[in-house]
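Pasted below: start.cif, mmCIF, C-alpha atoms.
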```cif
data_run
loop_
_atom_site.label_atom_id
_atom_site.label_comp_id
_atom_site.auth_asym_id
_atom_site.auth_seq_id
_atom_site.Cartn_x
_atom_site.Cartn_y
_atom_site.Cartn_z
CA MET A 1 -8.25 28.29 10.93
CA SER A 2 -7.69 24.98 9.13
CA LEU A 3 -5.02 22.67 10.56
CA THR A 4 -3.66 21.99 7.07
CA GLY A 5 -4.38 25.42 5.65
CA THR A 6 -1.82 27.87 4.29
CA SER A 7 -2.84 30.60 6.73
CA PHE A 8 -2.16 28.40 9.76
CA PHE A 9 1.18 27.29 8.31
CA TYR A 10 2.37 30.89 7.83
CA THR A 11 1.05 31.86 11.25
CA VAL A 12 3.19 29.17 12.88
CA ILE A 13 6.22 30.32 10.88
CA ALA A 14 5.64 33.91 12.00
CA LEU A 15 5.34 32.86 15.64
CA ALA A 16 8.54 30.81 15.38
CA VAL A 17 10.40 33.84 14.00
CA VAL A 18 9.04 36.07 16.76
CA ALA A 19 10.03 33.49 19.37
CA LEU A 20 13.57 33.45 17.97
CA VAL A 21 13.91 37.24 17.91
CA LEU A 22 12.41 37.94 21.34
CA PRO A 23 15.36 36.70 23.47
CA PHE A 24 17.83 38.74 21.40
CA ALA A 25 15.70 41.86 21.69
CA LEU A 26 14.48 41.64 25.28
CA TRP A 27 16.88 39.44 27.24
CA SER A 28 18.84 42.28 28.84
CA ARG A 29 15.95 44.76 28.84
CA ILE A 30 13.71 42.95 31.31
CA ARG A 31 13.39 45.06 34.46
CA GLY A 32 12.36 44.23 38.00
CA PRO A 33 13.53 41.89 40.76
CA ARG A 34 15.84 39.02 39.83
CA PRO A 35 13.15 36.29 40.22
CA LEU A 36 10.82 38.23 37.92
CA ARG A 37 13.55 38.63 35.29
CA ALA A 38 14.30 34.90 35.52
CA VAL A 39 10.64 34.03 34.98
CA GLY A 40 10.39 36.35 31.99
CA ARG A 41 13.46 34.85 30.35
CA ALA A 42 12.24 31.31 31.06
CA LEU A 43 8.91 32.10 29.42
CA MET A 44 10.69 33.35 26.30
CA LEU A 45 12.67 30.11 26.09
CA VAL A 46 9.56 27.99 26.59
CA PHE A 47 7.74 30.00 23.91
CA ALA A 48 10.64 29.41 21.52
CA GLN A 49 10.60 25.68 22.22
CA LEU A 50 6.84 25.40 21.77
CA THR A 51 6.79 27.29 18.47
CA ALA A 52 9.71 25.19 17.17
CA VAL A 53 7.88 21.97 18.04
CA ALA A 54 4.67 23.33 16.50
CA LEU A 55 6.47 24.23 13.27
CA VAL A 56 8.03 20.76 12.98
CA PHE A 57 4.64 19.16 13.65
CA VAL A 58 2.94 21.25 10.95
CA LEU A 59 5.67 20.43 8.43
CA VAL A 60 5.46 16.70 9.17
CA ASN A 61 1.66 16.72 9.19
CA ASN A 62 1.44 18.59 5.88
CA GLU A 63 3.94 16.20 4.30
CA ASN A 64 2.27 13.01 5.52
CA ASN A 65 -1.36 14.12 5.99
CA LEU A 66 -1.58 12.44 9.38
CA TYR A 67 -4.37 14.64 10.76
CA ASP A 68 -6.88 16.26 8.46
CA ASN A 69 -8.45 18.69 10.92
CA TRP A 70 -8.47 19.81 14.55
CA ALA A 71 -11.05 17.19 15.54
CA ASP A 72 -8.76 14.40 14.32
CA LEU A 73 -5.78 15.87 16.16
CA LEU A 74 -7.62 16.49 19.43
CA GLY A 75 -9.48 13.21 19.32
CA THR A 76 -12.94 14.76 19.30
CA GLY A 77 -14.11 13.54 15.89
CA ASP A 78 -16.75 10.80 15.72
CA HIS A 79 -18.27 9.83 12.37
CA VAL A 80 -20.36 6.89 13.54
CA GLN A 81 -24.10 7.58 13.86
CA GLN A 82 -25.04 3.99 14.60
CA ALA A 83 -23.38 0.56 14.54
CA ALA A 84 -26.03 -2.14 14.27
CA ASP A 85 -25.12 -5.82 14.05
CA LEU A 86 -24.99 -6.34 10.28
CA GLY A 87 -24.13 -10.03 10.30
CA ALA A 88 -21.30 -11.93 8.65
CA ASP A 89 -21.71 -10.34 5.20
CA GLY A 90 -22.07 -6.79 6.56
CA THR A 91 -25.42 -6.14 4.89
CA GLY A 92 -27.75 -6.65 7.86
CA GLY A 93 -29.98 -8.71 5.60
CA ILE A 94 -30.64 -5.70 3.37
CA ALA A 95 -31.18 -6.43 -0.32
CA LEU A 96 -28.62 -3.95 -1.62
CA HIS A 97 -30.00 -3.89 -5.16
CA ARG A 98 -33.30 -2.62 -3.77
CA LEU A 99 -31.81 0.36 -1.98
CA PRO A 100 -32.70 3.70 -3.64
CA ARG A 101 -30.05 5.46 -5.65
CA VAL A 102 -27.65 7.61 -3.67
CA LYS A 103 -27.47 11.08 -5.20
CA GLN A 104 -24.61 13.18 -3.90
CA THR A 105 -23.48 16.77 -4.39
CA PHE A 106 -19.75 17.22 -4.92
CA LYS A 107 -17.57 20.29 -4.51
CA GLU A 108 -13.92 21.07 -5.13
CA ALA A 109 -11.72 19.70 -2.37
CA SER A 110 -9.26 22.01 -0.65
CA GLY A 111 -5.75 21.37 0.58
CA PRO A 112 -2.29 20.53 -0.80
CA GLY A 113 -2.45 18.70 -4.14
CA MET A 114 -6.23 18.74 -4.32
CA HIS A 115 -6.36 21.19 -7.25
CA ALA A 116 -3.69 19.42 -9.32
CA ALA A 117 -4.26 17.10 -12.30
CA GLY A 118 -7.80 18.28 -12.94
CA GLY A 119 -8.76 18.58 -9.29
CA VAL A 120 -10.26 16.32 -6.64
CA ARG A 121 -13.92 16.43 -5.61
CA VAL A 122 -15.37 15.76 -2.18
CA THR A 123 -18.79 14.88 -0.79
CA GLN A 124 -20.24 14.17 2.64
CA LEU A 125 -21.79 10.71 2.56
CA THR A 126 -24.23 9.19 5.04
CA GLY A 127 -23.92 5.42 4.76
CA ARG A 128 -27.37 3.87 4.78
CA VAL A 129 -26.02 0.43 5.69
CA SER A 130 -23.01 1.24 7.88
CA GLY A 131 -24.36 4.21 9.83
CA VAL A 132 -21.16 6.16 9.09
CA ASN A 133 -21.24 9.83 8.08
CA ALA A 134 -17.96 11.00 6.56
CA GLU A 135 -16.29 12.58 3.55
CA VAL A 136 -15.32 10.77 0.36
CA TYR A 137 -12.83 12.17 -2.18
CA VAL A 138 -13.13 11.32 -5.88
CA TRP A 139 -10.77 11.96 -8.78
CA LEU A 140 -11.88 11.33 -12.35
CA PRO A 141 -9.46 10.21 -15.09
CA PRO A 142 -8.79 12.49 -18.07
CA GLN A 143 -10.92 10.36 -20.43
CA TYR A 144 -14.03 10.62 -18.29
CA HIS A 145 -15.31 13.83 -19.91
CA GLU A 146 -14.03 13.12 -23.43
CA PRO A 147 -16.75 12.56 -26.06
CA ALA A 148 -15.18 9.29 -27.23
CA TYR A 149 -15.70 7.82 -23.75
CA ARG A 150 -19.16 9.24 -23.02
CA HIS A 151 -20.76 5.78 -22.98
CA ARG A 152 -17.91 4.00 -21.24
CA ARG A 153 -17.83 2.83 -17.64
CA PHE A 154 -14.53 3.17 -15.80
CA PRO A 155 -12.73 0.88 -13.37
CA VAL A 156 -12.38 2.08 -9.78
CA VAL A 157 -9.64 1.86 -7.16
CA GLU A 158 -10.50 2.65 -3.55
CA LEU A 159 -7.58 4.28 -1.70
CA LEU A 160 -7.02 3.74 2.03
CA PRO A 161 -4.53 5.71 4.18
CA GLY A 162 -2.56 4.49 7.18
CA TYR A 163 -3.25 5.31 10.81
CA PRO A 164 -3.24 8.06 11.80
CA GLY A 165 -3.88 9.32 8.34
CA SER A 166 -6.12 11.37 6.10
CA ALA A 167 -7.73 10.23 2.87
CA LYS A 168 -6.18 13.37 1.37
CA ALA A 169 -2.72 11.85 1.76
CA TRP A 170 -3.07 9.92 -1.49
CA PHE A 171 -3.36 13.21 -3.37
CA GLY A 172 -1.45 15.65 -1.17
CA SER A 173 1.52 13.45 -0.17
CA LEU A 174 1.69 10.51 -2.59
CA HIS A 175 0.57 12.61 -5.59
CA VAL A 176 -1.07 9.54 -7.07
CA HIS A 177 -3.26 11.51 -9.50
CA GLU A 178 -0.36 13.67 -10.69
CA GLN A 179 1.82 10.62 -11.32
CA LEU A 180 -0.88 8.66 -13.14
CA LEU A 181 -2.40 11.45 -15.25
CA PRO A 182 0.20 11.40 -18.07
CA LEU A 183 0.25 7.58 -18.09
CA MET A 184 -3.53 7.44 -18.41
CA ARG A 185 -3.42 9.94 -21.24
CA SER A 186 -0.85 7.89 -23.11
CA GLY A 187 -2.63 4.60 -22.45
CA ARG A 188 0.08 3.06 -20.29
CA VAL A 189 -2.22 2.88 -17.27
CA ALA A 190 -5.97 2.30 -17.38
CA PRO A 191 -8.19 5.32 -16.67
CA PHE A 192 -9.16 4.47 -13.10
CA ILE A 193 -11.59 6.48 -11.02
CA LEU A 194 -9.78 7.07 -7.72
CA VAL A 195 -11.91 7.07 -4.56
CA ALA A 196 -10.49 7.95 -1.14
CA PRO A 197 -12.98 7.59 1.74
CA ARG A 198 -12.31 8.60 5.33
CA THR A 199 -11.13 5.66 7.43
CA ASN A 200 -10.44 7.56 10.67
CA LEU A 201 -14.00 7.19 11.95
CA LEU A 202 -13.58 7.13 15.73
CA ALA A 203 -11.50 9.36 17.98
CA GLY A 204 -8.11 7.99 18.97
CA VAL A 205 -8.41 4.47 17.54
CA ASP A 206 -7.94 2.65 14.26
CA THR A 207 -11.10 0.83 13.20
CA GLY A 208 -9.13 -1.91 11.45
CA CYS A 209 -11.67 -1.54 8.63
CA ALA A 210 -13.87 -3.95 10.57
CA ASN A 211 -17.48 -4.31 11.62
CA ILE A 212 -17.76 -4.35 15.42
CA PRO A 213 -21.43 -4.27 16.53
CA GLY A 214 -22.19 -1.38 18.82
CA THR A 215 -18.94 0.39 17.94
CA VAL A 216 -18.41 0.84 14.20
CA ASN A 217 -19.22 -0.74 10.83
CA ALA A 218 -16.12 0.33 8.95
CA ASP A 219 -16.09 -2.72 6.67
CA SER A 220 -19.63 -2.03 5.42
CA TRP A 221 -18.78 1.67 5.02
CA LEU A 222 -15.84 0.89 2.76
CA SER A 223 -17.10 -2.17 0.88
CA ILE A 224 -20.83 -1.36 0.54
CA ASP A 225 -21.80 2.27 1.13
CA VAL A 226 -18.88 3.95 -0.64
CA PRO A 227 -18.94 1.69 -3.74
CA LYS A 228 -22.71 2.06 -4.09
CA MET A 229 -22.42 5.83 -3.92
CA VAL A 230 -19.70 5.85 -6.58
CA MET A 231 -21.62 3.54 -8.91
CA ASP A 232 -24.80 5.63 -8.44
CA ASN A 233 -23.10 8.95 -9.23
CA PHE A 234 -20.46 8.12 -11.84
CA ARG A 235 -20.03 5.89 -14.88
CA ALA A 236 -18.18 3.31 -12.81
CA ASP A 237 -17.73 -0.37 -13.55
CA ARG A 238 -19.77 -2.76 -11.49
CA ALA A 239 -18.25 -4.83 -8.72
CA PRO A 240 -16.30 -6.98 -8.49
CA ALA A 241 -14.66 -7.05 -11.93
CA GLY A 242 -14.07 -3.31 -12.13
CA TRP A 243 -13.07 -2.68 -8.52
CA GLY A 244 -9.72 -2.70 -6.76
CA VAL A 245 -8.53 -1.41 -3.39
CA ALA A 246 -5.11 -0.09 -2.36
CA GLY A 247 -3.53 1.02 0.89
CA TYR A 248 -0.32 1.73 2.72
CA SER A 249 0.60 0.71 6.29
CA ALA A 250 -2.65 0.14 8.24
CA GLY A 251 -4.52 0.89 5.02
CA ALA A 252 -2.54 -1.87 3.31
CA HIS A 253 -3.76 -4.36 5.89
CA CYS A 254 -7.30 -3.16 5.24
CA ALA A 255 -6.95 -3.42 1.46
CA THR A 256 -5.83 -7.04 1.62
CA LYS A 257 -8.46 -7.95 4.19
CA LEU A 258 -11.30 -6.38 2.22
CA ALA A 259 -10.32 -8.17 -0.98
CA VAL A 260 -9.89 -11.55 0.72
CA ALA A 261 -13.11 -11.20 2.72
CA HIS A 262 -15.19 -9.83 -0.19
CA PRO A 263 -14.18 -11.31 -3.54
CA ASP A 264 -17.73 -10.45 -4.62
CA ARG A 265 -16.86 -6.76 -4.19
CA TYR A 266 -13.19 -6.46 -5.22
CA ARG A 267 -11.07 -8.11 -7.88
CA ALA A 268 -7.62 -6.89 -6.76
CA ALA A 269 -5.78 -5.30 -3.85
CA VAL A 270 -2.49 -3.42 -3.45
CA SER A 271 -0.71 -3.55 -0.09
CA LEU A 272 2.29 -1.29 0.56
CA SER A 273 4.14 -2.16 3.81
CA GLY A 274 1.12 -3.95 5.20
CA TYR A 275 0.62 -6.70 7.76
CA SER A 276 -1.83 -9.55 8.25
CA ASP A 277 -2.20 -9.85 12.02
CA PRO A 278 -4.09 -6.73 13.27
CA ILE A 279 -1.65 -6.54 16.18
CA GLY A 280 0.58 -4.76 13.66
CA GLU A 281 -1.32 -1.61 14.69
CA ARG A 282 -1.77 -1.77 18.45
CA ASN A 283 -4.27 1.09 18.38
CA SER A 284 -6.56 -0.97 16.18
CA LEU A 285 -9.88 -2.09 17.60
CA THR A 286 -9.30 -5.46 15.95
CA ALA A 287 -6.12 -5.98 17.98
CA GLN A 288 -8.00 -5.91 21.28
CA SER A 289 -8.92 -9.60 21.42
CA LEU A 290 -7.78 -12.86 19.85
CA ALA A 291 -11.22 -13.43 18.34
CA LEU A 292 -11.18 -10.05 16.56
CA ARG A 293 -7.58 -10.56 15.46
CA ASN A 294 -8.36 -13.91 13.88
CA ALA A 295 -11.59 -12.70 12.27
CA ASN A 296 -9.75 -9.81 10.58
CA ASN A 297 -6.48 -11.53 9.65
CA PRO A 298 -6.35 -11.91 5.83
CA TYR A 299 -3.78 -14.71 6.14
CA LEU A 300 -6.18 -16.81 8.22
CA LEU A 301 -9.17 -15.83 6.08
CA LEU A 302 -7.35 -16.96 2.94
CA LYS A 303 -5.98 -20.11 4.53
CA GLU A 304 -9.38 -21.19 5.85
CA ALA A 305 -11.43 -20.25 2.79
CA ARG A 306 -13.42 -23.24 1.50
CA THR A 307 -12.99 -22.02 -2.06
CA PRO A 308 -9.94 -19.93 -3.03
CA PRO A 309 -11.25 -16.47 -3.99
CA GLN A 310 -10.76 -15.13 -7.50
CA ILE A 311 -8.61 -12.17 -6.49
CA ALA A 312 -5.13 -10.83 -7.22
CA LEU A 313 -2.94 -9.37 -4.47
CA TYR A 314 0.05 -7.05 -4.88
CA ASN A 315 2.15 -6.92 -1.72
CA SER A 316 5.34 -4.90 -1.35
CA GLY A 317 7.44 -4.68 1.78
CA GLN A 318 10.82 -4.48 3.43
CA PRO A 319 12.34 -6.99 5.86
CA HIS A 320 10.27 -6.87 9.06
CA ASP A 321 7.90 -4.36 7.48
CA GLY A 322 5.49 -6.18 5.24
CA TYR A 323 7.76 -8.51 3.30
CA GLU A 324 7.37 -11.58 5.51
CA ALA A 325 3.58 -11.15 5.64
CA ALA A 326 3.52 -10.91 1.84
CA VAL A 327 5.55 -14.10 1.39
CA ALA A 328 3.31 -15.93 3.86
CA LEU A 329 0.25 -15.00 1.79
CA GLN A 330 1.99 -16.10 -1.39
CA GLN A 331 2.85 -19.49 0.11
CA ILE A 332 -0.74 -20.37 1.03
CA ALA A 333 -2.45 -18.91 -2.04
CA LYS A 334 -4.14 -21.40 -4.35
CA ALA A 335 -5.55 -20.76 -7.80
CA PRO A 336 -7.41 -18.71 -8.79
CA THR A 337 -5.92 -16.52 -6.03
CA THR A 338 -2.61 -14.93 -7.08
CA VAL A 339 -0.13 -13.05 -4.90
CA HIS A 340 2.58 -10.85 -6.40
CA VAL A 341 5.37 -10.01 -3.93
CA VAL A 342 7.74 -7.08 -4.38
CA TYR A 343 10.84 -7.00 -2.18
CA ILE A 344 11.93 -3.50 -1.14
CA PRO A 345 15.47 -3.31 0.31
CA LYS A 346 16.13 -1.48 3.57
CA SER A 347 18.33 0.97 1.68
CA ALA A 348 15.20 2.41 0.01
CA GLY A 349 14.23 4.16 3.23
CA GLY A 350 11.79 3.57 6.05
CA HIS A 351 8.05 3.45 6.66
CA THR A 352 7.28 6.84 5.09
CA MET A 353 5.61 8.53 2.15
CA ALA A 354 9.00 8.78 0.46
CA LEU A 355 9.06 4.96 0.32
CA TRP A 356 5.52 4.54 -1.03
CA ARG A 357 5.44 7.44 -3.49
CA PRO A 358 7.63 5.74 -6.14
CA GLN A 359 5.47 2.62 -5.93
CA MET A 360 2.37 4.31 -7.34
CA VAL A 361 3.19 3.74 -11.00
CA PRO A 362 4.27 0.06 -10.83
CA ALA A 363 1.32 -0.76 -8.58
CA PHE A 364 -1.19 0.80 -10.97
CA ARG A 365 0.43 -0.84 -13.98
CA TRP A 366 -0.07 -4.13 -12.18
CA LEU A 367 -3.71 -3.21 -11.47
CA THR A 368 -4.17 -2.41 -15.14
CA GLU A 369 -3.10 -5.95 -16.05
CA GLU A 370 -4.74 -7.88 -13.23
CA MET A 371 -8.12 -6.16 -13.51
CA GLY A 372 -8.32 -6.94 -17.21
CA GLN A 373 -7.82 -3.32 -18.21
CA SER A 374 -4.78 -3.86 -20.43
CA ARG A 375 -6.99 -3.49 -23.50
CA VAL A 376 -7.13 0.19 -22.58
CA ALA A 377 -3.37 0.49 -22.47
CA LEU A 378 -1.75 1.35 -25.77
CA ARG A 379 1.64 0.13 -24.61
CA LEU A 380 3.42 -0.72 -21.40
CA THR A 381 6.72 0.98 -20.74
CA PRO A 382 9.12 1.02 -17.75
CA PRO A 383 7.79 3.02 -14.76
CA VAL A 384 8.24 6.76 -14.91
CA PRO A 385 10.46 7.93 -12.01
CA SER A 386 8.69 9.96 -9.38
CA ASN A 387 9.95 13.34 -8.21
CA VAL A 388 12.63 11.75 -6.00
CA ASP A 389 16.13 10.55 -6.75
CA SER A 390 15.96 7.93 -9.55
CA THR A 391 18.04 5.37 -7.65
CA ARG A 392 15.86 5.74 -4.57
CA ALA A 393 12.75 5.46 -6.73
CA ALA A 394 14.02 2.24 -8.31
CA LEU A 395 14.75 0.79 -4.89
CA ALA A 396 11.41 1.80 -3.43
CA SER A 397 9.49 0.42 -6.40
CA GLY A 398 11.36 -2.88 -6.28
CA THR A 399 12.78 -2.42 -9.79
CA ALA A 400 16.40 -1.68 -8.93
CA SER A 401 17.57 -5.11 -10.05
CA ARG A 402 16.37 -8.67 -10.48
CA GLU A 403 18.74 -9.73 -7.69
CA GLY A 404 17.32 -7.11 -5.34
CA ALA A 405 13.76 -8.12 -6.07
CA ALA A 406 14.44 -11.77 -5.37
CA ARG A 407 16.68 -11.26 -2.36
CA LYS A 408 15.59 -12.71 0.99
CA PRO A 409 15.98 -10.89 4.31
#
```
Could I get this structure in the form of structure tokens?
Amino acid sequence: MSLTGTSFFYTVIALAVVALVLPFALWSRIRGPRPLRAVGRALMLVFAQLTAVALVFVLVNNENNLYDNWADLLGTGDHVQQAADLGADGTGGIALHRLPRVKQTFKEASGPGMHAAGGVRVTQLTGRVSGVNAEVYVWLPPQYHEPAYRHRRFPVVELLPGYPGSAKAWFGSLHVHEQLLPLMRSGRVAPFILVAPRTNLLAGVDTGCANIPGTVNADSWLSIDVPKMVMDNFRADRAPAGWGVAGYSAGAHCATKLAVAHPDRYRAAVSLSGYSDPIGERNSLTAQSLALRNANNPYLLLKEARTPPQIALYNSGQPHDGYEAAVALQQIAKAPTTVHVVYIPKSAGGHTMALWRPQMVPAFRWLTEEMGQSRVALRLTPPVPSNVDSTRAALASGTASREGAARKP
């Protein structure tokens, strides 16, 4: 029974109802010695507590897509087949252009939101460079199958979840494809191919989207194997001009780091409530030593770069939750690097999907401009409110007022 499936959800609800009814029905009917009756009643109370906790967990997990399956929850999933030392550029000296084409079979993805807006596809990819074997979700824009666009290549945005988190969260919780579909159809947002690869590759730890010889090559998985697969199977733009990366929380850190470290692979990055120092996620492998922290800190990578990379960064955050890190990046950026900072007030809510969901539209409008895709847009209009309160959406997207956007913590 799937952890995120409808059948499991209704089973937990049924058990919770049974646990609530049992004490009313059996409390005074238990027979036997007093100690035995006490044990029976205690077991009913414990059963009620456990089912209540289970129901809350399922509701929270389904809303935020924290754990995709039982292996993720129990810490038994391992998607790393090998982790060779691939060197500083993550290629292991392999001439990537000489690698054979990667031909993948895709099927319809299952789960909340996966059938909306034309549906999301999924494939199981074995990374020839990284040694990672994991699923990758792909959503195609509405123009992809239209005759007028049959010879056109499309820009791509790679989507990274937080930790713990499932790649499905972008579709099931943030509803990114549902929000962008009408804007792509009207030309207000470029028709991006959306690609969400698994980032939870090892049991119980965050990989930090890094290459750590002998442990995991998450960087090469995300920046080499996944893009090559997409470009080999779809009419996707070539890197770096047509490629962007976006993330929230730990995924935001990864998005910024990947763009700063690989300007030859990405042109732009979106960071929602991210951080620079990997210590921001204490369960990250890159937070385990000062050397790893420094090697995977986008602030230090940008500051120490001999030549400023030609990338654009979009960083949104609240006081003490991404804003200060965003300002620090903006202060050290030198042309052609650009950093756009969006201040989100505390009143918009906390570090949750409800905060990031309204930011989908403004972030992708920014990507449309910064990745040179504005020629696709027929016109740019104010962001369409998401399915939350309009005031909250304006706050969370940083568009509530000019004063709010410029305000310092």
Residues near region 361-367 of chain A, cut-off 7 Å, all atoms listed in the file, skip fewer than 4 positions along chain, as a list in words:
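Answer for this query is Leu180, Val189, Val270, Met371, Pro383 and Ser397 of chain A.
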Kindly resolve the PyMOL selection byres ((chain A and resi 224) around 10) on the present coordinates and return the residues as a VMD selection string.
chain A and resid 90 to 91 96 127 to 130 218 to 223 225 to 229 265
At a cut-off of 12 Å from (5.3, 18.6, 11.5) in the coordinates of the file, what residues are picked up using all atoms listed in the file, written as number ranges by chain?
A: 3-4, 9, 12-13, 51-67
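Across the structure, CA of Ala83 (chain A) and CA of Ile212 (chain A) are spaced 7.5 Å apart.
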Would you kindly identify which residues have an atom no farther than 10 Å from (-9.4, -2.2, 13.9), using all atoms listed in the file and the file's own coordinates, and write them out as a list in words?
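Taken together, the residues in range are Val205, Asp206, Thr207, Gly208, Cys209, Ala210, Asn211, Ile212, Val216, Ala218, Asp219, Ala250, Cys254, Pro278, Ile279, Glu281, Arg282, Asn283, Ser284, Leu285, Thr286, Ala287, Gln288, Leu292, Arg293 and Asn296 of chain A.
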How would the residues just chosen look if you wrote them out with C-alpha atoms as a PDB file, keeping the file's coordinate frame?
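Written file, result-v7.pdb:
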```pdb
ATOM      1  CA  VAL A 205      -8.410   4.470  17.540  1.00  0.00           C
ATOM      2  CA  ASP A 206      -7.940   2.650  14.260  1.00  0.00           C
ATOM      3  CA  THR A 207     -11.100   0.830  13.200  1.00  0.00           C
ATOM      4  CA  GLY A 208      -9.130  -1.910  11.450  1.00  0.00           C
ATOM      5  CA  CYS A 209     -11.670  -1.540   8.630  1.00  0.00           C
ATOM      6  CA  ALA A 210     -13.870  -3.950  10.570  1.00  0.00           C
ATOM      7  CA  ASN A 211     -17.480  -4.310  11.620  1.00  0.00           C
ATOM      8  CA  ILE A 212     -17.760  -4.350  15.420  1.00  0.00           C
ATOM      9  CA  VAL A 216     -18.410   0.840  14.200  1.00  0.00           C
ATOM     10  CA  ALA A 218     -16.120   0.330   8.950  1.00  0.00           C
ATOM     11  CA  ASP A 219     -16.090  -2.720   6.670  1.00  0.00           C
ATOM     12  CA  ALA A 250      -2.650   0.140   8.240  1.00  0.00           C
ATOM     13  CA  CYS A 254      -7.300  -3.160   5.240  1.00  0.00           C
ATOM     14  CA  PRO A 278      -4.090  -6.730  13.270  1.00  0.00           C
ATOM     15  CA  ILE A 279      -1.650  -6.540  16.180  1.00  0.00           C
ATOM     16  CA  GLU A 281      -1.320  -1.610  14.690  1.00  0.00           C
ATOM     17  CA  ARG A 282      -1.770  -1.770  18.450  1.00  0.00           C
ATOM     18  CA  ASN A 283      -4.270   1.090  18.380  1.00  0.00           C
ATOM     19  CA  SER A 284      -6.560  -0.970  16.180  1.00  0.00           C
ATOM     20  CA  LEU A 285      -9.880  -2.090  17.600  1.00  0.00           C
ATOM     21  CA  THR A 286      -9.300  -5.460  15.950  1.00  0.00           C
ATOM     22  CA  ALA A 287      -6.120  -5.980  17.980  1.00  0.00           C
ATOM     23  CA  GLN A 288      -8.000  -5.910  21.280  1.00  0.00           C
ATOM     24  CA  LEU A 292     -11.180 -10.050  16.560  1.00  0.00           C
ATOM     25  CA  ARG A 293      -7.580 -10.560  15.460  1.00  0.00           C
ATOM     26  CA  ASN A 296      -9.750  -9.810  10.580  1.00  0.00           C
TER      27      ASN A 296
END
```
